[in-house]
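Source file final.cif; content: mmCIF, C-alpha atoms and all ligand atoms.
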```
data_run
#
loop_
_atom_site.label_atom_id
_atom_site.label_comp_id
_atom_site.auth_asym_id
_atom_site.auth_seq_id
_atom_site.Cartn_x
_atom_site.Cartn_y
_atom_site.Cartn_z
CA TRP A 1 126.99 85.17 103.85
CA ASP A 2 126.78 88.05 101.40
CA MET A 3 123.06 87.34 101.11
CA PHE A 4 122.58 87.62 104.86
CA VAL A 5 124.60 90.81 105.18
CA LEU A 6 122.78 92.37 102.25
CA ALA A 7 119.41 91.40 103.67
CA PHE A 8 120.36 92.83 107.05
CA VAL A 9 121.60 96.13 105.68
CA GLU A 10 118.59 96.44 103.39
CA ARG A 11 116.32 95.83 106.36
CA LEU A 12 118.14 98.41 108.47
CA PHE A 13 117.46 101.22 106.02
CA ARG A 14 113.86 100.32 105.29
CA PRO A 15 111.20 102.06 107.38
CA THR A 16 109.78 99.98 110.21
CA TYR A 17 106.24 100.48 111.41
CA LYS A 18 103.99 99.60 114.31
CA LYS A 19 100.26 99.30 114.73
CA ASP A 20 99.54 102.93 115.68
CA ASP A 21 101.26 104.30 112.58
CA PHE A 22 98.29 103.41 110.38
CA VAL A 23 94.90 104.95 109.74
CA LEU A 24 92.53 102.34 108.38
CA GLY A 25 90.72 103.15 105.13
CA LYS A 26 88.47 101.16 102.82
CA LYS A 27 88.29 97.38 103.23
CA LEU A 28 89.69 95.81 100.03
CA GLY A 29 89.16 92.16 100.75
CA GLU A 30 88.32 89.58 103.34
CA GLY A 31 89.30 85.94 103.13
CA ALA A 32 89.42 83.02 105.53
CA PHE A 33 92.98 83.95 106.52
CA GLY A 34 92.89 87.70 106.86
CA ILE A 35 91.36 91.10 106.13
CA VAL A 36 92.90 93.61 103.72
CA TYR A 37 92.54 97.41 104.05
CA LYS A 38 93.73 100.46 102.20
CA VAL A 39 95.61 102.52 104.82
CA SER A 40 97.49 105.76 105.16
CA LEU A 41 100.16 106.79 107.62
CA ALA A 42 99.02 108.73 110.70
CA LYS A 43 102.09 110.95 110.58
CA LYS A 44 103.36 111.51 107.10
CA PRO A 45 107.10 110.90 107.05
CA SER A 46 109.46 113.13 105.09
CA SER A 47 109.38 110.88 102.04
CA LYS A 48 106.22 110.67 99.98
CA GLU A 49 104.96 107.22 100.96
CA GLY A 50 101.53 107.46 99.39
CA ASP A 51 98.76 104.98 100.08
CA LEU A 52 99.53 101.59 101.51
CA VAL A 53 97.76 98.26 101.84
CA LEU A 54 97.51 96.39 105.14
CA LYS A 55 96.68 92.71 105.54
CA LYS A 56 95.85 91.54 109.04
CA ALA A 57 96.55 87.85 108.76
CA THR A 58 96.13 84.77 110.93
CA GLU A 59 98.92 82.31 111.69
CA TYR A 60 99.63 81.85 107.96
CA GLY A 61 100.82 85.46 107.90
CA ALA A 62 104.25 84.31 109.05
CA VAL A 63 104.78 82.33 105.83
CA GLU A 64 103.38 85.18 103.75
CA ILE A 65 105.86 87.66 105.29
CA TRP A 66 108.69 85.23 104.60
CA MET A 67 107.62 84.81 100.95
CA ASN A 68 107.29 88.57 100.43
CA GLU A 69 110.74 89.24 101.91
CA ARG A 70 112.20 86.63 99.58
CA VAL A 71 110.39 88.00 96.53
CA ARG A 72 111.50 91.57 97.17
CA ARG A 73 115.10 90.43 97.17
CA ALA A 74 114.96 87.87 94.35
CA CYS A 75 112.28 89.04 91.89
CA ALA A 76 110.89 92.36 93.11
CA ASN A 77 109.04 93.25 89.93
CA SER A 78 106.95 90.08 89.90
CA CYS A 79 104.80 91.04 92.87
CA ALA A 80 103.27 94.05 94.61
CA ASP A 81 105.91 96.15 96.34
CA PHE A 82 106.24 94.79 99.90
CA VAL A 83 107.08 97.35 102.57
CA TYR A 84 107.11 95.64 105.94
CA GLY A 85 105.64 92.80 108.00
CA PHE A 86 105.42 92.32 111.75
CA PHE A 87 103.84 90.30 114.51
CA GLU A 88 101.07 92.14 116.36
CA SER A 89 100.13 90.54 119.67
CA SER A 90 97.99 93.28 121.23
CA SER A 91 95.04 92.93 118.87
CA LYS A 92 91.65 92.17 120.45
CA LYS A 93 91.23 89.13 118.21
CA GLY A 94 94.49 87.63 119.47
CA ALA A 95 97.83 87.47 117.76
CA GLU A 96 97.97 88.62 114.15
CA TYR A 97 100.58 89.26 111.52
CA TRP A 98 100.41 92.65 109.84
CA LEU A 99 101.71 92.94 106.28
CA ILE A 100 102.20 96.25 104.47
CA TRP A 101 102.51 96.85 100.73
CA ARG A 102 102.49 99.89 98.54
CA PHE A 103 99.01 100.49 97.10
CA GLU A 104 99.54 99.46 93.49
CA GLY A 105 96.20 100.55 92.03
CA GLU A 106 92.44 100.24 92.09
CA SER A 107 91.93 97.29 89.75
CA THR A 108 92.63 93.60 89.77
CA LEU A 109 92.45 91.62 86.55
CA ALA A 110 89.18 90.20 87.94
CA ASP A 111 87.64 93.69 88.01
CA LEU A 112 88.93 94.39 84.51
CA ILE A 113 87.72 91.19 82.82
CA GLN A 114 84.26 91.60 84.35
CA SER A 115 83.82 94.85 82.42
CA LYS A 116 81.85 94.81 79.14
CA GLU A 117 84.72 96.89 77.72
CA PHE A 118 87.35 94.16 78.26
CA PRO A 119 89.98 94.01 76.80
CA TYR A 120 89.82 97.63 75.58
CA ASN A 121 89.63 98.93 79.16
CA VAL A 122 93.06 97.35 79.71
CA GLU A 123 94.45 98.85 76.54
CA SER A 124 93.45 102.33 77.72
CA ILE A 125 95.14 101.93 81.14
CA ILE A 126 98.32 100.45 79.67
CA LEU A 127 98.66 102.91 76.81
CA GLY A 128 96.97 105.93 78.35
CA GLU A 129 94.67 107.50 75.79
CA MET A 130 92.67 105.13 73.64
CA GLN A 131 94.19 104.77 70.24
CA ASP A 132 92.00 105.51 67.29
CA LEU A 133 92.43 102.10 65.69
CA PRO A 134 89.54 99.95 64.53
CA LYS A 135 88.27 97.56 67.19
CA GLY A 136 88.29 93.95 66.20
CA LEU A 137 89.55 90.49 67.00
CA GLU A 138 93.14 91.22 65.95
CA ARG A 139 93.31 94.16 68.29
CA GLU A 140 91.68 92.26 71.16
CA ASN A 141 94.20 89.46 70.61
CA LYS A 142 97.10 91.93 70.86
CA ILE A 143 95.83 93.28 74.19
CA ILE A 144 95.30 89.78 75.58
CA GLN A 145 98.83 88.87 74.44
CA THR A 146 100.21 91.84 76.36
CA ILE A 147 98.38 90.92 79.58
CA LEU A 148 99.40 87.28 79.32
CA ARG A 149 103.02 88.14 78.57
CA GLN A 150 103.23 90.38 81.64
CA LEU A 151 101.62 87.69 83.80
CA LEU A 152 103.98 84.97 82.51
CA PHE A 153 106.95 87.26 83.02
CA ALA A 154 106.01 87.80 86.67
CA LEU A 155 105.35 84.08 87.09
CA ASP A 156 108.70 83.16 85.55
CA GLY A 157 110.35 85.40 88.16
CA LEU A 158 108.62 83.55 90.98
CA HIS A 159 109.32 80.10 89.54
CA SER A 160 112.98 80.90 88.88
CA THR A 161 113.20 81.86 92.56
CA GLY A 162 111.76 78.48 93.54
CA ILE A 163 108.36 79.77 94.55
CA VAL A 164 105.09 78.22 93.40
CA HIS A 165 102.17 80.59 93.97
CA ARG A 166 99.31 78.03 93.99
CA ASP A 167 96.55 80.64 93.91
CA ILE A 168 96.99 82.28 90.51
CA LYS A 169 93.65 83.81 89.50
CA PRO A 170 92.44 87.20 88.22
CA GLN A 171 91.62 88.31 91.79
CA ASN A 172 95.30 87.92 92.69
CA ILE A 173 96.66 89.93 89.76
CA ILE A 174 96.79 93.68 90.35
CA PHE A 175 97.32 96.38 87.76
CA SER A 176 100.17 98.55 89.02
CA GLU A 177 99.34 102.11 87.99
CA GLY A 178 102.92 103.22 88.61
CA SER A 179 104.63 100.78 86.26
CA ARG A 180 101.56 100.18 84.05
CA THR A 181 102.06 96.44 84.33
CA PHE A 182 100.27 93.55 85.95
CA LYS A 183 101.82 92.18 89.14
CA ILE A 184 101.03 89.14 91.24
CA ILE A 185 99.67 89.52 94.79
CA ASP A 186 98.63 87.24 97.66
CA LEU A 187 101.49 84.88 98.48
CA GLY A 188 99.36 83.41 101.29
CA ALA A 189 99.22 79.97 99.69
CA ALA A 190 102.68 80.04 98.13
CA THR A 191 105.37 77.47 98.74
CA ASP A 192 109.13 77.74 98.45
CA LEU A 193 110.49 74.40 97.41
CA ARG A 194 114.13 75.39 97.52
CA VAL A 195 114.07 75.72 101.30
CA GLY A 196 111.11 73.54 102.11
CA ILE A 197 108.87 76.28 103.48
CA ASN A 198 105.23 75.27 103.50
CA TYR A 199 106.25 72.12 101.70
CA ILE A 200 102.98 70.25 101.44
CA PRO A 201 100.09 72.35 100.28
CA LYS A 202 97.06 72.59 102.46
CA GLU A 203 94.36 71.35 100.20
CA PHE A 204 91.81 73.76 101.63
CA LEU A 205 93.92 76.71 100.50
CA LEU A 206 93.44 75.90 96.85
CA ASP A 207 90.72 77.69 94.86
CA PRO A 208 88.84 74.92 93.03
CA ARG A 209 87.92 77.23 90.16
CA TYR A 210 91.53 77.66 89.06
CA ALA A 211 93.27 74.61 90.57
CA ALA A 212 94.93 72.05 88.31
CA PRO A 213 93.51 68.53 88.55
CA GLU A 214 96.43 67.20 90.60
CA GLN A 215 95.47 67.53 94.24
CA TYR A 216 98.95 67.88 95.61
CA ILE A 217 101.79 69.63 93.88
CA MET A 218 104.45 67.24 95.07
CA SER A 219 103.89 63.59 94.29
CA THR A 220 102.36 61.48 97.03
CA GLN A 221 105.69 59.68 97.32
CA THR A 222 107.00 62.68 99.26
CA PRO A 223 104.18 62.94 101.79
CA SER A 224 105.81 64.96 104.55
CA ALA A 225 108.20 67.84 104.77
CA PRO A 226 111.81 66.88 105.31
CA SER A 227 113.90 69.10 107.56
CA ALA A 228 114.92 72.39 105.98
CA PRO A 229 118.53 71.46 105.06
CA VAL A 230 117.43 68.13 103.62
CA ALA A 231 114.70 69.85 101.65
CA ALA A 232 117.15 72.45 100.36
CA ALA A 233 119.43 69.72 99.08
CA LEU A 234 116.61 67.64 97.63
CA SER A 235 114.40 70.33 96.20
CA PRO A 236 116.14 71.00 92.88
CA VAL A 237 115.82 67.28 92.25
CA LEU A 238 112.21 67.16 93.39
CA TRP A 239 111.49 70.24 91.28
CA GLN A 240 112.76 68.44 88.19
CA LEU A 241 110.87 65.27 89.07
CA ASN A 242 107.55 66.83 89.94
CA LEU A 243 107.52 70.14 88.10
CA PRO A 244 105.43 71.83 90.80
CA ASP A 245 105.47 75.14 88.90
CA ARG A 246 103.14 73.60 86.31
CA PHE A 247 100.30 73.95 88.81
CA ASP A 248 100.43 77.74 88.28
CA ILE A 249 100.64 77.22 84.52
CA TYR A 250 97.30 75.40 84.49
CA SER A 251 95.69 78.31 86.38
CA THR A 252 97.29 80.78 83.97
CA GLY A 253 95.87 78.78 81.05
CA LEU A 254 92.40 79.16 82.55
CA ILE A 255 92.97 82.93 82.71
CA LEU A 256 93.86 82.93 78.99
CA LEU A 257 90.67 80.96 78.38
CA GLN A 258 88.61 83.52 80.31
CA MET A 259 90.18 86.39 78.41
CA ALA A 260 89.42 84.75 75.06
CA PHE A 261 85.88 83.54 75.84
CA PRO A 262 83.46 86.12 77.30
CA SER A 263 81.14 83.33 78.45
CA PHE A 264 83.74 81.90 80.87
CA ARG A 265 84.52 85.19 82.64
CA SER A 266 81.79 84.80 85.25
CA ASP A 267 82.15 82.36 88.15
CA SER A 268 79.25 80.27 86.92
CA GLY A 269 80.66 80.27 83.38
CA LEU A 270 84.07 79.08 84.58
CA ILE A 271 82.53 76.40 86.80
CA GLN A 272 80.50 75.21 83.82
CA PHE A 273 83.65 75.05 81.67
CA ASN A 274 85.48 73.07 84.37
CA ARG A 275 82.62 70.58 84.47
CA GLN A 276 82.66 70.19 80.68
CA LEU A 277 86.44 69.76 80.59
CA LYS A 278 86.38 67.14 83.35
CA ARG A 279 83.73 65.23 81.37
CA CYS A 280 86.21 65.22 78.46
CA ASP A 281 88.96 63.85 80.77
CA TYR A 282 90.71 67.24 80.69
CA ASP A 283 91.33 66.91 76.95
CA LEU A 284 90.88 70.42 75.53
CA VAL A 285 90.79 69.16 71.93
CA ALA A 286 88.00 66.72 72.81
CA TRP A 287 86.20 69.53 74.63
CA ARG A 288 86.38 71.73 71.54
CA LYS A 289 84.97 68.93 69.38
CA SER A 290 82.09 68.49 71.79
CA VAL A 291 81.07 72.15 72.06
CA GLU A 292 82.00 73.77 68.75
CA PRO A 293 79.20 72.28 66.61
CA ARG A 294 76.54 73.94 68.82
CA ALA A 295 78.57 77.00 69.81
CA ASN A 296 76.83 80.33 70.43
CA ALA A 297 78.29 83.65 69.22
CA ASP A 298 80.40 84.19 72.39
CA LEU A 299 81.98 80.76 72.11
CA ARG A 300 82.64 81.14 68.39
CA LYS A 301 84.31 84.46 69.07
CA GLY A 302 86.74 82.84 71.52
CA PHE A 303 87.71 80.12 69.06
CA GLU A 304 88.09 82.69 66.30
CA LEU A 305 90.47 84.78 68.44
CA LEU A 306 92.60 81.77 69.38
CA ASP A 307 92.60 80.60 65.75
CA LEU A 308 94.20 83.83 64.48
CA ASP A 309 97.67 83.48 62.92
CA GLY A 310 97.29 79.81 62.16
CA GLY A 311 95.83 78.84 65.52
CA ILE A 312 98.83 79.91 67.55
CA GLY A 313 96.78 81.07 70.54
CA TRP A 314 94.88 77.80 70.63
CA GLU A 315 98.19 75.94 70.46
CA LEU A 316 99.50 77.87 73.47
CA LEU A 317 96.27 77.33 75.43
CA THR A 318 96.40 73.57 74.84
CA SER A 319 100.04 73.51 75.98
CA MET A 320 99.04 75.08 79.32
CA VAL A 321 95.75 73.39 80.15
CA ARG A 322 96.71 69.73 80.21
CA TYR A 323 95.87 66.98 82.67
CA LYS A 324 99.45 65.84 83.18
CA ALA A 325 101.66 68.46 84.81
CA ARG A 326 104.75 67.31 82.94
CA GLN A 327 103.07 67.80 79.58
CA ARG A 328 102.36 71.45 80.37
CA THR A 329 104.77 74.12 79.22
CA SER A 330 106.76 76.18 81.75
CA ALA A 331 106.44 79.95 82.20
CA LYS A 332 109.74 80.40 80.34
CA GLY A 333 108.60 78.01 77.62
CA ALA A 334 105.31 79.86 77.23
CA LEU A 335 107.12 83.21 76.92
CA ALA A 336 109.17 81.74 74.06
CA HIS A 337 106.01 80.46 72.36
CA PRO A 338 105.36 81.83 68.85
CA TYR A 339 102.06 83.31 70.15
CA PHE A 340 104.12 86.21 71.46
CA ASP A 341 106.12 86.52 68.29
CA LYS A 342 105.21 88.78 65.35
CA GLU A 343 106.39 86.05 63.04
CA GLY A 344 104.22 83.59 64.99
CA LEU A 345 102.67 82.04 61.93
CA LEU A 346 105.99 81.25 60.33
CA ALA A 347 107.45 79.91 63.58
CA LEU A 348 104.52 77.54 64.06
CA SER A 349 104.83 76.18 60.56
CA ILE A 350 108.52 75.47 61.20
CA MET A 351 107.73 73.76 64.49
CA GLN A 352 105.26 71.36 62.89
P1 LIG B 401 93.07 87.75 100.34
O1 LIG B 401 92.72 87.18 98.99
O2 LIG B 401 93.78 86.78 101.21
O3 LIG B 401 91.92 88.41 101.00
P2 LIG B 401 94.85 89.57 98.87
O4 LIG B 401 96.29 89.70 99.19
O5 LIG B 401 94.49 88.86 97.63
O6 LIG B 401 94.14 88.92 100.15
O7 LIG B 401 94.22 91.02 98.84
C1 LIG B 401 92.82 91.21 98.77
C2 LIG B 401 92.49 92.34 97.80
O8 LIG B 401 93.11 93.55 98.22
C3 LIG B 401 93.00 92.09 96.40
O9 LIG B 401 92.12 91.33 95.62
C4 LIG B 401 93.16 93.51 95.87
O10 LIG B 401 91.90 94.01 95.43
C5 LIG B 401 93.56 94.29 97.10
N1 LIG B 401 95.04 94.43 97.19
C6 LIG B 401 95.92 93.57 97.76
N2 LIG B 401 97.19 94.01 97.67
C7 LIG B 401 97.13 95.19 97.02
C8 LIG B 401 98.12 96.18 96.61
N3 LIG B 401 99.44 96.03 96.86
N4 LIG B 401 97.67 97.29 95.96
C9 LIG B 401 96.36 97.47 95.70
N5 LIG B 401 95.40 96.59 96.06
C10 LIG B 401 95.75 95.46 96.70
MG MG B 402 93.57 87.05 97.15
#
```

Before we go any further, please render this structure as structure tokens.
Ligand code: ADP
Ligand code: MG
Amino acid sequence: WDMFVLAFVERLFRPTYKKDDFVLGKKLGEGAFGIVYKVSLAKKPSSKEGDLVLKKATEYGAVEIWMNERVRRACANSCADFVYGFFESSSKKGAEYWLIWRFEGESTLADLIQSKEFPYNVESIILGEMQDLPKGLERENKIIQTILRQLLFALDGLHSTGIVHRDIKPQNIIFSEGSRTFKIIDLGAATDLRVGINYIPKEFLLDPRYAAPEQYIMSTQTPSAPSAPVAAALSPVLWQLNLPDRFDIYSTGLILLQMAFPSFRSDSGLIQFNRQLKRCDYDLVAWRKSVEPRANADLRKGFELLDLDGGIGWELLTSMVRYKARQRTSAKGALAHPYFDKEGLLALSIMQ
């Protein structure tokens, strides 16, 4: 009950908007399920609202509003700051859902890793002025650690809330200029297993470049959505049995791979890696054996970075990118991994 009252009161004091309140700006993205614009308010209210983001979504917008409402109550810092969502029936294209967020910043992780400067471009936006330290693998590794830690932290928030994102990729990670941290966006493909919302993933929603090899997150023994109360009672059990959060962990592992290896940052490079890994039956160690002997400079650089501190980065990568979901680490487990620890080397030697 407290939850409902709180949600109601919170909602009462939040600004509500309608279609005519917004002036459309630059188009930020266009997918199969909606168009995203930067917008400003036609009449500036007393408070300083700043720039906003509007997504005009198709029928899936209803689920996305629901997910964003839940996130802002349960793990607000994990995702872009959601302002408001509503049903808009008067649009020329038929009924739409309109979703509004605060404009977090200009760059997604996809923009940032495409730059020749990566990862130093990220260091300069996180720390402000560039530090006058020597550039080198150690420093690159530190920056990559910071990005990955922030991403895993946000992901742990979602997973602890019972939400699996299912579309974790650099395009859906925004750098928030206000908090100088990375946040997750685009809950359009997300599922909430605790209440059975969007229970069975629509296969066509999944991005094949970042998707884990399992086609469905829940096992095929649970082929259809039970009613909401049944799902709510069952889901902690199903969560334990199926570990659906590990789908996001695989995608996150691929992001670590892209950060470490310049050659896999392009679409074609990542697709090529996926093909190679599949040929090795998703065994990363076998993949390494097959490519390392004839590795070019870019590839050698990636291995060298992951091999720092006794190979702790490589160890973390192999614990995320695994064929079997239940053999992958969790977001919480990854955060506790010695890779993020200054005494990483020592910790690894104790573990082994
Ligand atoms: P889709 O992928 O369904 O088109 P997204 O929610 O991923 O929609 O948004 C598309 C793009 O819009 C993102 O890749 C990002 O560049 C930009 N964007 C989305 N939300 C925000 C936000 N809160 N702040 C700044 N930019 C955003
Ligand atoms: Mg997106």

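For the pair atom CA of A:Ala74 and atom CA of A:Trp101, the separation is 16.6 Å.
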
Skip A:Thr329 itself and residues of its chain fewer than 2 positions away, then list as a VMD selection string all residues within 9 Å of it, counting all atoms listed in the file.
chain A and resid 246 249 316 319 to 320 325 to 327 331 to 334

File of the preceding selection, C-alpha atoms, as a PDB file, keeping the file's coordinate frame:
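Final output, saved to selection.pdb:
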```
ATOM      1  CA  ARG A 246     103.140  73.600  86.310  1.00  0.00           C
ATOM      2  CA  ILE A 249     100.640  77.220  84.520  1.00  0.00           C
ATOM      3  CA  LEU A 316      99.500  77.870  73.470  1.00  0.00           C
ATOM      4  CA  SER A 319     100.040  73.510  75.980  1.00  0.00           C
ATOM      5  CA  MET A 320      99.040  75.080  79.320  1.00  0.00           C
ATOM      6  CA  ALA A 325     101.660  68.460  84.810  1.00  0.00           C
ATOM      7  CA  ARG A 326     104.750  67.310  82.940  1.00  0.00           C
ATOM      8  CA  GLN A 327     103.070  67.800  79.580  1.00  0.00           C
ATOM      9  CA  ALA A 331     106.440  79.950  82.200  1.00  0.00           C
ATOM     10  CA  LYS A 332     109.740  80.400  80.340  1.00  0.00           C
ATOM     11  CA  GLY A 333     108.600  78.010  77.620  1.00  0.00           C
ATOM     12  CA  ALA A 334     105.310  79.860  77.230  1.00  0.00           C
TER      13      ALA A 334
END
```

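Among the candidates A:Arg194, A:Lys169, A:Lys27, A:Arg322, the one nearest to ligand MG 402 (chain B) when counting all atoms listed in the file is A:Lys169.
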
Neighbours of ligand MG 402 (chain B) within 6 Å, counting all atoms listed in the file, as a ChimeraX atom specification?
/A:171-172,186

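Between atom CA of A:Arg72 and atom CA of A:Ile163 there is a distance of 12.5 Å.
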
Mind giving me the straight-line distance from atom CA of A:Tyr120 to atom CA of A:Leu28 in Å, one decimal?
24.5 Å

Exercise: stretch 301-314 of chain A partners within 12 Å, all atoms listed in the file, chain neighbours under 4 positions left out, as a ChimeraX atom specification
/A:136-145,148,253,256-265,284-285,288-289,291-293,295-297,318-321,334,337-349,351-352

Would you give me, as a Markdown table, each residue of chain A having an atom within 9 Å of an atom of ligand LIG 401 (chain B), along with its shortest atom pair and that distance in Å to one decimal, using all atoms listed in the file and sorting by chain and residue number?
```
| residue | atom | partner | partner_atom | distance |
| --- | --- | --- | --- | --- |
| A:Lys27 | CA | B:LIG401 | O8 | 7.9 |
| A:Leu28 | CA | B:LIG401 | O8 | 4.5 |
| A:Gly29 | CA | B:LIG401 | C1 | 4.3 |
| A:Glu30 | CA | B:LIG401 | O3 | 4.5 |
| A:Gly31 | CA | B:LIG401 | O3 | 4.2 |
| A:Ala32 | CA | B:LIG401 | O2 | 7.2 |
| A:Phe33 | CA | B:LIG401 | O2 | 6.1 |
| A:Gly34 | CA | B:LIG401 | O2 | 5.8 |
| A:Ile35 | CA | B:LIG401 | O3 | 5.8 |
| A:Val36 | CA | B:LIG401 | C1 | 5.5 |
| A:Tyr37 | CA | B:LIG401 | O8 | 7.0 |
| A:Lys38 | CA | B:LIG401 | N5 | 7.4 |
| A:Asp51 | CA | B:LIG401 | N4 | 8.8 |
| A:Leu52 | CA | B:LIG401 | N3 | 7.2 |
| A:Val53 | CA | B:LIG401 | C8 | 5.6 |
| A:Leu54 | CA | B:LIG401 | N2 | 7.8 |
| A:Lys55 | CA | B:LIG401 | O4 | 7.0 |
| A:Ala57 | CA | B:LIG401 | O2 | 8.1 |
| A:Cys79 | CA | B:LIG401 | N3 | 8.3 |
| A:Ala80 | CA | B:LIG401 | N3 | 4.9 |
| A:Asp81 | CA | B:LIG401 | N3 | 6.5 |
| A:Phe82 | CA | B:LIG401 | N3 | 7.6 |
| A:Ile100 | CA | B:LIG401 | N3 | 8.1 |
| A:Trp101 | CA | B:LIG401 | N3 | 5.0 |
| A:Arg102 | CA | B:LIG401 | N3 | 5.2 |
| A:Phe103 | CA | B:LIG401 | N4 | 3.7 |
| A:Glu104 | CA | B:LIG401 | N4 | 3.8 |
| A:Gly105 | CA | B:LIG401 | C9 | 4.8 |
| A:Glu106 | CA | B:LIG401 | C9 | 6.0 |
| A:Ser107 | CA | B:LIG401 | O10 | 6.6 |
| A:Thr108 | CA | B:LIG401 | O10 | 5.7 |
| A:Ala110 | CA | B:LIG401 | O9 | 8.3 |
| A:Asp111 | CA | B:LIG401 | O10 | 8.6 |
| A:Pro170 | CA | B:LIG401 | O9 | 8.5 |
| A:Gln171 | CA | B:LIG401 | O9 | 4.9 |
| A:Asn172 | CA | B:LIG401 | O5 | 5.1 |
| A:Ile173 | CA | B:LIG401 | O9 | 7.5 |
| A:Ile174 | CA | B:LIG401 | N5 | 6.6 |
| A:Phe175 | CA | B:LIG401 | C9 | 8.1 |
| A:Ser176 | CA | B:LIG401 | N4 | 7.5 |
| A:Lys183 | CA | B:LIG401 | N3 | 8.9 |
| A:Ile184 | CA | B:LIG401 | N2 | 8.9 |
| A:Ile185 | CA | B:LIG401 | O4 | 5.6 |
| A:Asp186 | CA | B:LIG401 | O4 | 3.7 |
| A:Leu187 | CA | B:LIG401 | O4 | 7.1 |
| A:Gly188 | CA | B:LIG401 | O2 | 6.5 |
| A:Ala189 | CA | B:LIG401 | O2 | 8.8 |
```
